[in-house]
>>> print(open('run07.tsv').read())   # TSV, C-alpha atoms
chain	number	residue	atom	x	y	z
A	19	MET	CA	3.08	-17.48	10.43
A	20	LYS	CA	1.36	-20.80	9.73
A	21	LYS	CA	-1.79	-19.65	11.53
A	22	LEU	CA	-1.86	-16.41	9.55
A	23	LEU	CA	-1.39	-18.31	6.30
A	24	LEU	CA	-4.15	-20.78	7.19
A	25	ALA	CA	-6.54	-17.95	8.06
A	26	LEU	CA	-5.70	-16.25	4.77
A	27	VAL	CA	-6.43	-19.41	2.77
A	28	VAL	CA	-9.75	-20.05	4.55
A	29	LEU	CA	-10.98	-16.47	4.17
A	30	SER	CA	-9.83	-16.40	0.53
A	31	LEU	CA	-11.95	-19.44	-0.28
A	32	ALA	CA	-14.90	-17.96	1.61
A	33	SER	CA	-14.62	-14.64	-0.23
A	34	LEU	CA	-15.14	-16.37	-3.58
A	35	PHE	CA	-18.72	-17.18	-2.56
A	36	VAL	CA	-19.62	-13.77	-1.07
A	37	GLY	CA	-21.42	-11.35	-3.34
A	38	VAL	CA	-24.69	-10.31	-4.90
A	39	GLY	CA	-24.33	-12.80	-7.73
A	40	GLN	CA	-25.18	-16.30	-6.61
A	41	LEU	CA	-22.24	-18.69	-6.70
A	42	ASN	CA	-22.29	-22.10	-5.07
A	43	PHE	CA	-19.94	-25.04	-4.99
A	44	ALA	CA	-22.51	-27.56	-6.23
A	45	ALA	CA	-23.14	-25.59	-9.42
A	46	LEU	CA	-19.41	-25.38	-10.07
A	47	LEU	CA	-19.08	-29.15	-9.72
A	48	ALA	CA	-22.03	-29.58	-12.07
A	49	GLY	CA	-20.18	-27.53	-14.68
A	50	ASP	CA	-22.62	-24.61	-14.79
A	51	VAL	CA	-21.20	-22.19	-17.38
A	52	ALA	CA	-22.66	-19.05	-15.78
A	53	HIS	CA	-21.17	-19.87	-12.38
A	54	TRP	CA	-17.73	-20.62	-13.83
A	55	HIS	CA	-17.89	-17.39	-15.83
A	56	LEU	CA	-18.71	-15.40	-12.68
A	57	LEU	CA	-15.87	-17.11	-10.81
A	58	PHE	CA	-13.17	-16.38	-13.38
A	59	THR	CA	-14.43	-12.98	-14.54
A	60	SER	CA	-15.23	-11.35	-11.19
A	61	ARG	CA	-14.56	-13.30	-8.00
A	62	ILE	CA	-11.01	-14.56	-8.66
A	63	PRO	CA	-9.79	-11.21	-10.10
A	64	ARG	CA	-11.22	-9.41	-7.08
A	65	LEU	CA	-9.59	-11.84	-4.66
A	66	VAL	CA	-6.20	-11.62	-6.38
A	67	ALA	CA	-6.42	-7.81	-6.44
A	68	VAL	CA	-7.23	-7.74	-2.71
A	69	LEU	CA	-4.30	-9.99	-1.82
A	70	LEU	CA	-1.77	-8.23	-4.06
A	71	ALA	CA	-2.87	-4.74	-2.98
A	72	GLY	CA	-2.66	-5.61	0.71
A	73	ALA	CA	0.69	-7.33	0.40
A	74	GLY	CA	2.28	-4.75	-1.90
A	75	LEU	CA	1.27	-1.66	0.05
A	76	SER	CA	2.26	-3.26	3.37
A	77	ILE	CA	5.73	-4.18	2.10
A	78	ALA	CA	6.10	-0.66	0.72
A	79	GLY	CA	5.31	0.70	4.18
A	80	LEU	CA	7.85	-1.63	5.79
A	81	ILE	CA	10.62	-0.50	3.45
A	82	MET	CA	9.61	3.14	3.87
A	83	GLN	CA	9.93	2.87	7.62
A	84	GLN	CA	13.33	1.23	7.25
A	85	ILE	CA	14.91	3.76	4.89
A	86	SER	CA	13.44	6.76	6.73
A	87	GLN	CA	14.41	5.33	10.15
A	88	ASN	CA	10.95	6.12	11.48
A	89	ARG	CA	8.09	3.78	12.46
A	90	PHE	CA	5.46	6.37	11.64
A	91	ALA	CA	6.48	6.69	7.98
A	92	SER	CA	4.40	5.04	5.26
A	93	PRO	CA	3.28	5.77	1.68
A	94	SER	CA	0.18	7.52	3.06
A	95	THR	CA	2.13	9.68	5.54
A	96	SER	CA	5.07	10.63	3.31
A	97	GLY	CA	3.35	12.05	0.23
A	98	THR	CA	4.06	9.00	-1.98
A	99	ILE	CA	0.41	8.36	-2.81
A	100	GLU	CA	-0.29	12.05	-3.44
A	101	CYS	CA	2.75	12.26	-5.75
A	102	ALA	CA	1.44	9.25	-7.67
A	103	MET	CA	-1.89	11.07	-8.05
A	104	LEU	CA	-0.04	14.14	-9.34
A	105	GLY	CA	1.81	11.98	-11.86
A	106	TYR	CA	-1.49	10.46	-12.97
A	107	ILE	CA	-3.08	13.88	-13.55
A	108	LEU	CA	0.01	15.14	-15.40
A	109	SER	CA	-0.08	12.07	-17.65
A	110	LEU	CA	-3.74	12.76	-18.51
A	111	VAL	CA	-3.09	16.44	-19.16
A	112	LEU	CA	0.13	16.04	-21.15
A	113	PHE	CA	-0.49	12.77	-22.98
A	114	GLY	CA	-4.24	12.20	-22.76
A	115	SER	CA	-3.87	8.76	-21.19
A	116	GLU	CA	-2.27	6.96	-18.24
A	117	GLN	CA	1.52	6.91	-18.58
A	118	LEU	CA	2.96	4.50	-16.03
A	119	TRP	CA	6.49	5.82	-16.32
A	120	LEU	CA	5.32	9.32	-15.40
A	121	VAL	CA	3.21	8.12	-12.45
A	122	PHE	CA	6.08	6.02	-11.09
A	123	GLY	CA	8.60	8.78	-11.78
A	124	VAL	CA	6.70	11.52	-9.94
A	125	ALA	CA	5.95	9.16	-7.03
A	126	MET	CA	9.63	8.25	-6.77
A	127	ALA	CA	10.81	11.87	-6.99
A	128	GLY	CA	8.37	12.98	-4.29
A	129	THR	CA	9.27	10.10	-1.97
A	130	LEU	CA	13.00	10.71	-2.42
A	131	LEU	CA	12.49	14.40	-1.68
A	132	PHE	CA	10.64	13.54	1.54
A	133	VAL	CA	13.30	11.03	2.67
A	134	GLN	CA	16.12	13.48	1.98
A	135	PHE	CA	14.22	16.18	3.88
A	136	ILE	CA	13.66	14.17	7.06
A	137	ASN	CA	17.21	12.80	6.95
A	138	ARG	CA	18.61	16.33	6.92
A	139	ILE	CA	16.38	17.56	9.72
A	140	GLN	CA	16.70	15.57	12.93
A	141	PHE	CA	13.34	15.79	14.66
A	142	LYS	CA	13.37	15.50	18.44
A	143	ASN	CA	10.05	13.63	18.37
A	144	ALA	CA	9.40	10.86	15.84
A	145	ILE	CA	5.75	11.88	15.62
A	146	PHE	CA	6.74	15.02	13.71
A	147	VAL	CA	7.86	12.91	10.73
A	148	PRO	CA	4.36	11.71	9.67
A	149	LEU	CA	2.93	15.15	10.43
A	150	VAL	CA	5.44	16.75	8.06
A	151	GLY	CA	4.69	13.99	5.54
A	152	ILE	CA	0.96	14.64	5.76
A	153	ILE	CA	1.54	18.37	5.23
A	154	PHE	CA	3.79	17.61	2.25
A	155	GLY	CA	1.16	15.24	0.86
A	156	ASN	CA	-1.58	17.86	1.24
A	157	VAL	CA	0.50	20.41	-0.65
A	158	VAL	CA	1.04	17.93	-3.51
A	159	ASP	CA	-2.64	16.96	-3.41
A	160	SER	CA	-3.64	20.61	-3.67
A	161	LEU	CA	-1.40	21.03	-6.72
A	162	ALA	CA	-2.90	17.91	-8.33
A	163	THR	CA	-6.42	19.16	-7.58
A	164	PHE	CA	-5.65	22.58	-9.09
A	165	ILE	CA	-4.31	21.03	-12.30
A	166	ALA	CA	-7.25	18.59	-12.48
A	167	TYR	CA	-9.73	21.44	-11.96
A	168	LYS	CA	-8.11	23.62	-14.61
A	169	TYR	CA	-8.00	20.88	-17.24
A	170	ASP	CA	-11.38	19.28	-16.41
A	171	ALA	CA	-9.95	16.09	-14.93
A	172	LEU	CA	-11.36	16.47	-11.44
A	173	GLN	CA	-13.67	13.47	-11.81
A	174	ASN	CA	-10.71	11.24	-12.74
A	175	LEU	CA	-8.85	12.42	-9.64
A	176	SER	CA	-11.80	12.03	-7.25
A	177	SER	CA	-12.23	8.38	-8.25
A	178	TRP	CA	-8.82	7.67	-6.67
A	179	THR	CA	-9.81	8.92	-3.24
A	180	VAL	CA	-12.27	6.08	-2.60
A	181	ALA	CA	-10.74	2.61	-2.88
A	182	ASN	CA	-13.14	-0.03	-4.13
A	183	PHE	CA	-12.66	-3.56	-5.43
A	184	ALA	CA	-16.24	-3.92	-6.66
A	185	ASN	CA	-15.51	-2.75	-10.21
A	186	LEU	CA	-12.44	-4.91	-10.77
A	187	LEU	CA	-12.94	-7.55	-13.44
A	188	GLN	CA	-10.66	-9.73	-15.50
A	189	GLY	CA	-8.30	-7.44	-17.41
A	190	ASP	CA	-8.50	-4.57	-14.91
A	191	TYR	CA	-6.12	-5.63	-12.16
A	192	GLU	CA	-3.11	-7.23	-13.86
A	193	LEU	CA	-0.81	-4.26	-13.13
A	194	LEU	CA	-0.85	-5.38	-9.48
A	195	TYR	CA	1.23	-8.42	-10.45
A	196	ILE	CA	4.19	-6.04	-10.45
A	197	ALA	CA	4.16	-6.34	-6.66
A	198	ILE	CA	5.34	-9.98	-6.86
A	199	PRO	CA	8.81	-9.46	-8.44
A	200	PHE	CA	9.33	-6.28	-6.42
A	201	ALA	CA	8.49	-8.11	-3.20
A	202	ILE	CA	10.92	-10.91	-4.10
A	203	PHE	CA	13.63	-8.36	-4.88
A	204	SER	CA	12.92	-6.61	-1.56
A	205	TYR	CA	13.41	-9.90	0.26
A	206	LEU	CA	16.73	-10.55	-1.48
A	207	TYR	CA	17.85	-6.93	-0.96
A	208	ALA	CA	16.71	-6.80	2.68
A	209	ALA	CA	20.18	-6.84	4.25
A	210	ARG	CA	21.30	-3.72	2.36
A	211	ILE	CA	18.07	-1.87	3.09
A	212	SER	CA	18.50	-2.73	6.77
A	213	ALA	CA	22.04	-1.34	6.71
A	214	VAL	CA	20.83	1.92	5.17
A	215	GLY	CA	18.19	2.11	7.89
A	216	LEU	CA	20.98	2.27	10.48
A	217	GLY	CA	22.37	5.46	8.98
A	218	LYS	CA	24.64	6.73	6.24
A	219	ASP	CA	27.88	6.33	8.18
A	220	PHE	CA	27.09	2.74	9.14
A	221	ALA	CA	26.17	1.75	5.58
A	222	THR	CA	29.27	3.45	4.15
A	223	ASN	CA	31.53	1.66	6.65
A	224	LEU	CA	30.10	-1.64	5.40
A	225	GLY	CA	31.18	-0.74	1.87
A	226	LEU	CA	27.69	0.04	0.57
A	227	ASN	CA	26.80	2.84	-1.78
A	228	TYR	CA	24.35	4.61	0.52
A	229	GLN	CA	22.73	6.79	-2.14
A	230	GLN	CA	22.30	3.88	-4.54
A	231	VAL	CA	20.61	1.65	-1.96
A	232	LEU	CA	18.43	4.55	-0.84
A	233	ILE	CA	17.25	5.21	-4.40
A	234	ILE	CA	16.50	1.52	-4.93
A	235	GLY	CA	14.50	1.45	-1.70
A	236	VAL	CA	12.53	4.52	-2.76
A	237	LEU	CA	11.94	2.92	-6.17
A	238	LEU	CA	10.48	-0.19	-4.52
A	239	VAL	CA	8.19	1.92	-2.32
A	240	SER	CA	7.06	4.16	-5.17
A	241	VAL	CA	6.30	1.46	-7.73
A	242	MET	CA	4.39	-0.80	-5.32
A	243	SER	CA	2.42	2.11	-3.85
A	244	ALA	CA	1.62	3.76	-7.17
A	245	SER	CA	0.50	0.50	-8.81
A	246	VAL	CA	-1.94	-0.18	-5.97
A	247	VAL	CA	-3.34	3.36	-6.01
A	248	MET	CA	-3.76	3.36	-9.80
A	249	ILE	CA	-5.79	0.15	-9.82
A	250	VAL	CA	-7.61	0.19	-6.47
A	251	GLY	CA	-7.43	3.69	-5.02
A	252	MET	CA	-6.17	5.01	-1.69
A	253	LEU	CA	-5.87	2.55	1.19
A	254	PRO	CA	-4.94	4.92	4.04
A	255	PHE	CA	-2.73	3.84	6.95
A	256	LEU	CA	-2.32	0.26	5.66
A	257	GLY	CA	1.40	0.70	5.05
A	258	LEU	CA	1.70	2.16	8.54
A	259	ILE	CA	-0.20	-0.25	10.79
A	260	VAL	CA	0.83	-3.60	9.27
A	261	PRO	CA	4.64	-3.16	9.57
A	262	ASN	CA	4.21	-1.86	13.12
A	263	LEU	CA	2.07	-4.82	14.12
A	264	VAL	CA	4.60	-7.24	12.62
A	265	SER	CA	7.53	-5.51	14.35
A	266	HIS	CA	5.62	-5.44	17.64
A	267	PHE	CA	5.01	-9.19	17.66
A	268	PHE	CA	7.93	-10.58	15.63
A	269	GLY	CA	10.83	-8.15	16.04
A	270	ASP	CA	12.76	-6.03	13.54
A	271	ASN	CA	14.43	-8.56	11.23
A	272	LEU	CA	13.58	-7.08	7.82
A	273	ARG	CA	14.14	-10.24	5.77
A	274	ARG	CA	11.94	-12.32	8.09
A	275	ASN	CA	9.33	-9.58	8.34
A	276	ILE	CA	8.78	-9.10	4.60
A	277	PRO	CA	6.76	-12.34	4.06
A	278	LEU	CA	4.99	-11.85	7.41
A	279	THR	CA	4.07	-8.30	6.43
A	280	ALA	CA	2.79	-9.46	3.04
A	281	ILE	CA	0.58	-12.15	4.60
A	282	LEU	CA	-0.78	-9.91	7.37
A	283	GLY	CA	-1.40	-7.02	4.97
A	284	ALA	CA	-3.29	-9.28	2.57
A	285	LEU	CA	-5.27	-10.76	5.48
A	286	ILE	CA	-6.28	-7.35	6.87
A	287	VAL	CA	-7.40	-6.04	3.47
A	288	LEU	CA	-9.32	-9.28	2.82
A	289	CYS	CA	-11.09	-9.02	6.19
A	290	CYS	CA	-11.99	-5.37	5.53
A	291	ASP	CA	-13.22	-6.25	2.05
A	292	LEU	CA	-15.44	-9.03	3.40
A	293	ALA	CA	-16.78	-6.72	6.12
A	294	GLY	CA	-17.59	-4.08	3.51
A	295	ARG	CA	-19.54	-6.62	1.47
A	296	LEU	CA	-21.48	-8.07	4.41
A	297	ILE	CA	-22.33	-5.16	6.73
A	298	ILE	CA	-25.10	-3.71	4.52
A	299	PHE	CA	-25.50	-6.62	2.08
A	300	PRO	CA	-26.44	-6.54	-0.81
A	301	TYR	CA	-24.90	-3.06	-0.88
A	302	GLU	CA	-21.21	-2.47	-0.28
A	303	ILE	CA	-19.19	-0.10	1.89
A	304	PRO	CA	-16.00	1.17	0.20
A	305	ILE	CA	-12.99	-0.58	1.71
A	306	SER	CA	-11.19	2.74	2.18
A	307	THR	CA	-13.83	3.74	4.75
A	308	ILE	CA	-13.27	0.61	6.85
A	309	ILE	CA	-9.48	0.77	6.60
A	310	SER	CA	-9.55	4.48	7.52
A	311	ILE	CA	-11.43	3.71	10.75
A	312	LEU	CA	-9.21	0.74	11.59
A	313	GLY	CA	-5.96	2.39	10.55
A	314	GLY	CA	-6.73	5.68	12.26
A	315	SER	CA	-7.47	3.89	15.53
A	316	VAL	CA	-4.24	1.89	15.40
A	317	PHE	CA	-2.28	5.01	14.40
A	318	ILE	CA	-3.56	6.87	17.47
A	319	PHE	CA	-2.68	3.86	19.62
A	320	PHE	CA	0.92	3.80	18.38
A	321	ILE	CA	1.24	7.57	18.90
A	322	LEU	CA	0.04	7.30	22.49
A	323	LYS	CA	2.26	4.28	23.05
A	324	GLY	CA	5.25	6.17	21.66
A	325	GLN	CA	4.63	9.12	23.94
A	326	LYS	CA	4.27	6.78	26.95
A	327	ASP	CA	7.55	5.00	26.11
A	328	ALA	CA	9.30	8.38	25.71
A	329	ARG	CA	8.41	9.25	29.29
>>> encode(input="run07.tsv", output="structure tokens")
Amino acid sequence: MKKLLLALVVLSLASLFVGVGQLNFAALLAGDVAHWHLLFTSRIPRLVAVLLAGAGLSIAGLIMQQISQNRFASPSTSGTIECAMLGYILSLVLFGSEQLWLVFGVAMAGTLLFVQFINRIQFKNAIFVPLVGIIFGNVVDSLATFIAYKYDALQNLSSWTVANFANLLQGDYELLYIAIPFAIFSYLYAARISAVGLGKDFATNLGLNYQQVLIIGVLLVSVMSASVVMIVGMLPFLGLIVPNLVSHFFGDNLRRNIPLTAILGALIVLCCDLAGRLIIFPYEIPISTIISILGGSVFIFFILKGQKDAR
């Protein structure tokens, strides 16, 4: 954990000085107003958004896997992100502006519906769970696209499909701070979420209100996922690969894994963001493209590994 944290700190400092706009340490020490303005208006907001988005979405994936009792579940393979997009379009159509309560509410309702569905149907192969989730997400996405097309909001919807930190400035990213109290609450609530992950009968025998804990877990997943998607856009597979990597190397203790997942998720998103800025500098590759390639590769690896273990 210390090595991951050190790498995160080093790369975070380096990222402040990567970009088209020239920013150097000597000018900051000299008190150059333009350099300090660039630092506080663009570079620091972008860095904070990267770290919070990576940490929040990764923790959401970890909790999603726990409450659904499946390692292949995540906000991007359970319809959570697509439901948040539907809530966003409905808020634009019905109220003419972004209504956070509606976005969070639709995301939570869709996620709860998916969890209840997979809990009722016992799949023989765990791989069927994300496949069903992807199908469910595509259905919701089609509904959102239809509504957006009918009410001339298709451009607003399409901007969500490509995640990009380049346009984030001071005043644009503050909603992501919601991930901090929710992550702390997840850490304190970890024991109950773990009990729910072992099944309804087990949780009930421990004296827990299974449905209440399940709804709280879904609320945590929905709010953290929706807030990231609203500000940044879709970061596919992040909530899937990070929890699996942490569990693979550090075990399945949820309370211990939450801070590890947050650090590793932030580190992976930061590395992808830096790669996107440097590969074709001074131009930039959208981070969703890089994460899609990385996440898809890791996803295939875990599927093949799961099939090999099943044999």
>>> closest_atom_pairs(input="run07.tsv", of="segment 31-53 of chain A", to="segment 170-188 of chain A", cutoff="12 Å", atoms="only C-alpha atoms", output="tab-separated table")
residue	atom	partner	partner_atom	distance
A:Val36	CA	A:Ala184	CA	11.8
A:Gly37	CA	A:Ala184	CA	9.6
A:Val38	CA	A:Ala184	CA	10.7
>>> closest_residue(input="run07.tsv", among="A:Ala209, A:Gln84, A:Ile196, A:Arg273", to="Leu224 of chain A", atoms="only C-alpha atoms")
A:Ala209
>>> closest_residue(input="run07.tsv", among="A:Ser265, A:Ser204, A:Asn156, A:Ser30", to="Val66 of chain A", atoms="only C-alpha atoms")
A:Ser30
>>> residues_around(input="run07.tsv", residues="Leu149 of chain A", least_positions_apart="2", cutoff="12 Å", atoms="all atoms listed in the file", output="ChimeraX atom specification")
/A:90-92,94-97,132,136,141,143-147,151-156,321
>>> closest_residue(input="run07.tsv", among="A:Met252, A:Met242, A:Leu118, A:Ala284", to="Glu100 of chain A", atoms="only C-alpha atoms")
A:Met252
>>> residues_near_point(input="run07.tsv", point="(-3.3, -0.6, 10.1)", cutoff="8 Å", atoms="all atoms listed in the file", output="PDB file with C-alpha atoms, in the coordinates of the input")
ATOM      1  CA  PHE A 255      -2.730   3.840   6.950  1.00  0.00           C
ATOM      2  CA  LEU A 256      -2.320   0.260   5.660  1.00  0.00           C
ATOM      3  CA  GLY A 257       1.400   0.700   5.050  1.00  0.00           C
ATOM      4  CA  LEU A 258       1.700   2.160   8.540  1.00  0.00           C
ATOM      5  CA  ILE A 259      -0.200  -0.250  10.790  1.00  0.00           C
ATOM      6  CA  VAL A 260       0.830  -3.600   9.270  1.00  0.00           C
ATOM      7  CA  LEU A 263       2.070  -4.820  14.120  1.00  0.00           C
ATOM      8  CA  ILE A 309      -9.480   0.770   6.600  1.00  0.00           C
ATOM      9  CA  LEU A 312      -9.210   0.740  11.590  1.00  0.00           C
ATOM     10  CA  GLY A 313      -5.960   2.390  10.550  1.00  0.00           C
ATOM     11  CA  GLY A 314      -6.730   5.680  12.260  1.00  0.00           C
ATOM     12  CA  VAL A 316      -4.240   1.890  15.400  1.00  0.00           C
ATOM     13  CA  PHE A 317      -2.280   5.010  14.400  1.00  0.00           C
TER      14      PHE A 317
END
>>> closest_residue(input="run07.tsv", among="A:Leu194, A:Leu46, A:Val247, A:Val68", to="Leu292 of chain A", atoms="only C-alpha atoms")
A:Val68
